[in-house]
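Some notes on the structure that comes next.
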Amino acid sequence: MRSPRVGAQRGRLHVRDGKGRKDRTTVLPERLHGPLRRHLKTVKAQHEADCADGVGGVSLPDAIAEKHPNAKTEWRWQYVFPSTTLSEDPRSGTVRRHHRSDSAVQRAVKKAADAAAIEKHATCHTLRHSFATHLLQDGTDVRSIQKLLGHEQLRTTMQYVHVLEQSSDGVTSPLDTLPEDPA
């Protein structure tokens with residue numbers, strides 16, 4: 001299974017070969033633009049160092065690799081979250097820096113949940129559910145959420161609506177949305 005490739009343009013995040021081996025586009029929060037640029041600057045420096053050492057590059061789909069033989073070392077094809085170590089590609093035997101493993105990301109989410117003293121079981125998929133739920137709570141239409149999550153069937157997305165309807169969590173009284181009386 002390939003790791004997702006992510007690109008950012010105009011406040012959007014383009015994920016290639018993500019969950020369900022699908023491509024999708026979602027929102028990139030404005031507050032993450034700066035941190036992402038700084039992260040990518042560090043990743044690019046690592047990639048350039050790897051290229052100088054002869055280990056830069058990624059495995060690409062056959063059609064792209066044939067059409068563009070130098071693409072594997074081009075910056076735009078590199079992983080946004082590369083591994084911290086080099087390893088041997090089991091298919092080609094080439095030593096290179098692969099993507100960060102799923103388990104490393106899962107451990108980071110668990111560590112963050114523990115640090116935030118979240119007692120419920122939290123996973124990467126929990127973040128996906130939270131994203132959809134918060135969008136619904138903020139009034140985003142369900143079709144837009146369907147597209148952002150990459151659901152083929154609307155009924156899959158509608159599960160979030162049903163969960164929200166069954167729960168009183170997150171429901172705010174209209175009185176609480178009014179400005180307080182200064183008197």
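Going through the structure tokens in order, the chains are called A, B, and so on, while each chain numbers its residues from 1 and the ligands are numbered from 1 in the order shown.
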
task = Can you pull out every residue within 10 Å of Gly11 in chain A, counting only C-alpha atoms, but drop anything in the same chain fewer than 6 positions away, and send it as a list in words?
result = Thr26, Val27, Leu28, Pro29, Glu30, Leu32 and His33 of chain A

message = as a list in words, please: the residues near range 62-77 of chain A (cut-off 8 Å, only C-alpha atoms, same-chain neighbours under 6 positions excluded).
response = Arg5, Lys44, His47, Cys51 and Gly56 of chain A

query = Between A:Thr42, A:Ser59, A:Ser144, A:Thr126, which has the minimum distance to His98 in chain A (counting only C-alpha atoms)?
reply =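 Among the listed residues, A:Ser59 lies closest to His98 in chain A.
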
task = Please return as a ChimeraX atom specification: the residues of range 67-160 of chain A that backbone DSSP assigns to helix (DSSP H, G or I).
result = /A:67,71-73,75-77,102-115,124-137,142-149,154-160

Report the closest atom pair, with its distance in Å rounded to one decimal, for each residue of range 54-164 of chain A that has an atom no farther than 12 Å from range 36-40 of chain A; count only C-alpha atoms, sort by chain and then rising residue number, and write it as JSON lines.
```
{"residue": "A:Trp75", "atom": "CA", "partner": "A:Leu40", "partner_atom": "CA", "distance": 10.2}
{"residue": "A:Arg76", "atom": "CA", "partner": "A:Leu40", "partner_atom": "CA", "distance": 10.8}
{"residue": "A:Gln78", "atom": "CA", "partner": "A:Leu40", "partner_atom": "CA", "distance": 10.2}
{"residue": "A:Tyr79", "atom": "CA", "partner": "A:Leu40", "partner_atom": "CA", "distance": 9.7}
{"residue": "A:Val80", "atom": "CA", "partner": "A:Leu40", "partner_atom": "CA", "distance": 6.9}
{"residue": "A:Phe81", "atom": "CA", "partner": "A:Leu40", "partner_atom": "CA", "distance": 8.8}
{"residue": "A:Pro82", "atom": "CA", "partner": "A:Leu40", "partner_atom": "CA", "distance": 10.4}
```

message = So that I can see what lies close to Ala104 in chain A, please list as a VMD selection string the residues with an atom at most 12 Å from it, counting only C-alpha atoms and leaving out residues fewer than 3 positions away in the same chain.
response = chain A and resid 81 to 84 99 to 101 107 to 111 123 to 124

query = Of the candidates A:Arg96, A:Gly150, A:His121, A:His14, which one gets nearest to Ala49 in chain A if we count only C-alpha atoms?
reply =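 Ranked by minimum distance to Ala49 in chain A, first place goes to A:Arg96.
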
task = Have a look at CA of Ile145 in chain A and CA of Val161 in chain A and let me know their distance in Å, one decimal.
result = 10.7 Å

ask   = Using only C-alpha atoms, which residue out of A:His125, A:Gln46, A:Ile118, A:Asp17 lies closest to Val105 in chain A?
value =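 Of all the options, A:His125 lies closest to Val105 in chain A.
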
Do you know which residues are at most 12 Å from Glu152 in chain A counting only C-alpha atoms, after dropping those on the same chain fewer than 4 positions away, and could you put them as a CSV table (one decimal) with N, CA, C and O atoms, in the first residue's frame?
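Writing done, so here's out15.csv:
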```csv
chain,number,residue,atom,x,y,z
A,20,GLY,N,-8.7,4.2,1.4
A,20,GLY,CA,-9.4,3.6,0.3
A,20,GLY,C,-8.7,3.7,-1.0
A,20,GLY,O,-9.4,3.5,-2.0
A,22,LYS,N,-7.9,6.3,-2.5
A,22,LYS,CA,-8.6,7.4,-3.3
A,22,LYS,C,-7.8,8.7,-3.2
A,22,LYS,O,-7.1,8.9,-2.2
A,23,ASP,N,-8.0,9.5,-4.2
A,23,ASP,CA,-7.5,10.9,-4.1
A,23,ASP,C,-8.6,11.7,-3.6
A,23,ASP,O,-9.8,11.5,-3.9
A,24,ARG,N,-8.3,12.8,-2.9
A,24,ARG,CA,-9.3,13.7,-2.4
A,24,ARG,C,-8.7,15.0,-2.1
A,24,ARG,O,-7.5,15.2,-2.0
A,143,ARG,N,-23.4,17.4,1.8
A,143,ARG,CA,-22.8,17.1,0.5
A,143,ARG,C,-21.3,17.6,0.4
A,143,ARG,O,-20.4,16.9,-0.1
A,145,ILE,N,-19.4,17.9,3.0
A,145,ILE,CA,-18.6,17.0,3.9
A,145,ILE,C,-18.4,15.7,3.2
A,145,ILE,O,-17.3,15.1,3.3
A,146,GLN,N,-19.3,15.2,2.5
A,146,GLN,CA,-19.2,13.9,1.7
A,146,GLN,C,-18.0,14.0,0.8
A,146,GLN,O,-17.1,13.2,0.7
A,147,LYS,N,-17.9,15.2,0.1
A,147,LYS,CA,-16.8,15.4,-0.9
A,147,LYS,C,-15.4,15.5,-0.1
A,147,LYS,O,-14.4,14.9,-0.6
A,148,LEU,N,-15.4,16.2,1.0
A,148,LEU,CA,-14.2,16.4,1.7
A,148,LEU,C,-13.7,15.0,2.3
A,148,LEU,O,-12.4,14.8,2.3
A,156,THR,N,-23.1,7.1,3.8
A,156,THR,CA,-22.0,6.9,4.6
A,156,THR,C,-21.7,8.2,5.4
A,156,THR,O,-21.5,8.2,6.6
A,157,THR,N,-21.8,9.4,4.8
A,157,THR,CA,-21.7,10.6,5.4
A,157,THR,C,-22.8,10.9,6.4
A,157,THR,O,-22.7,11.5,7.4
A,158,MET,N,-24.0,10.5,6.0
A,158,MET,CA,-25.2,10.7,6.8
A,158,MET,C,-25.1,10.1,8.2
A,158,MET,O,-25.8,10.5,9.1
```

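Considering the residues A:Val58, A:Leu13, A:Ala115, A:Leu149 and counting only C-alpha atoms, Asp89 in chain A has its shortest atom-to-atom contact with A:Val58.
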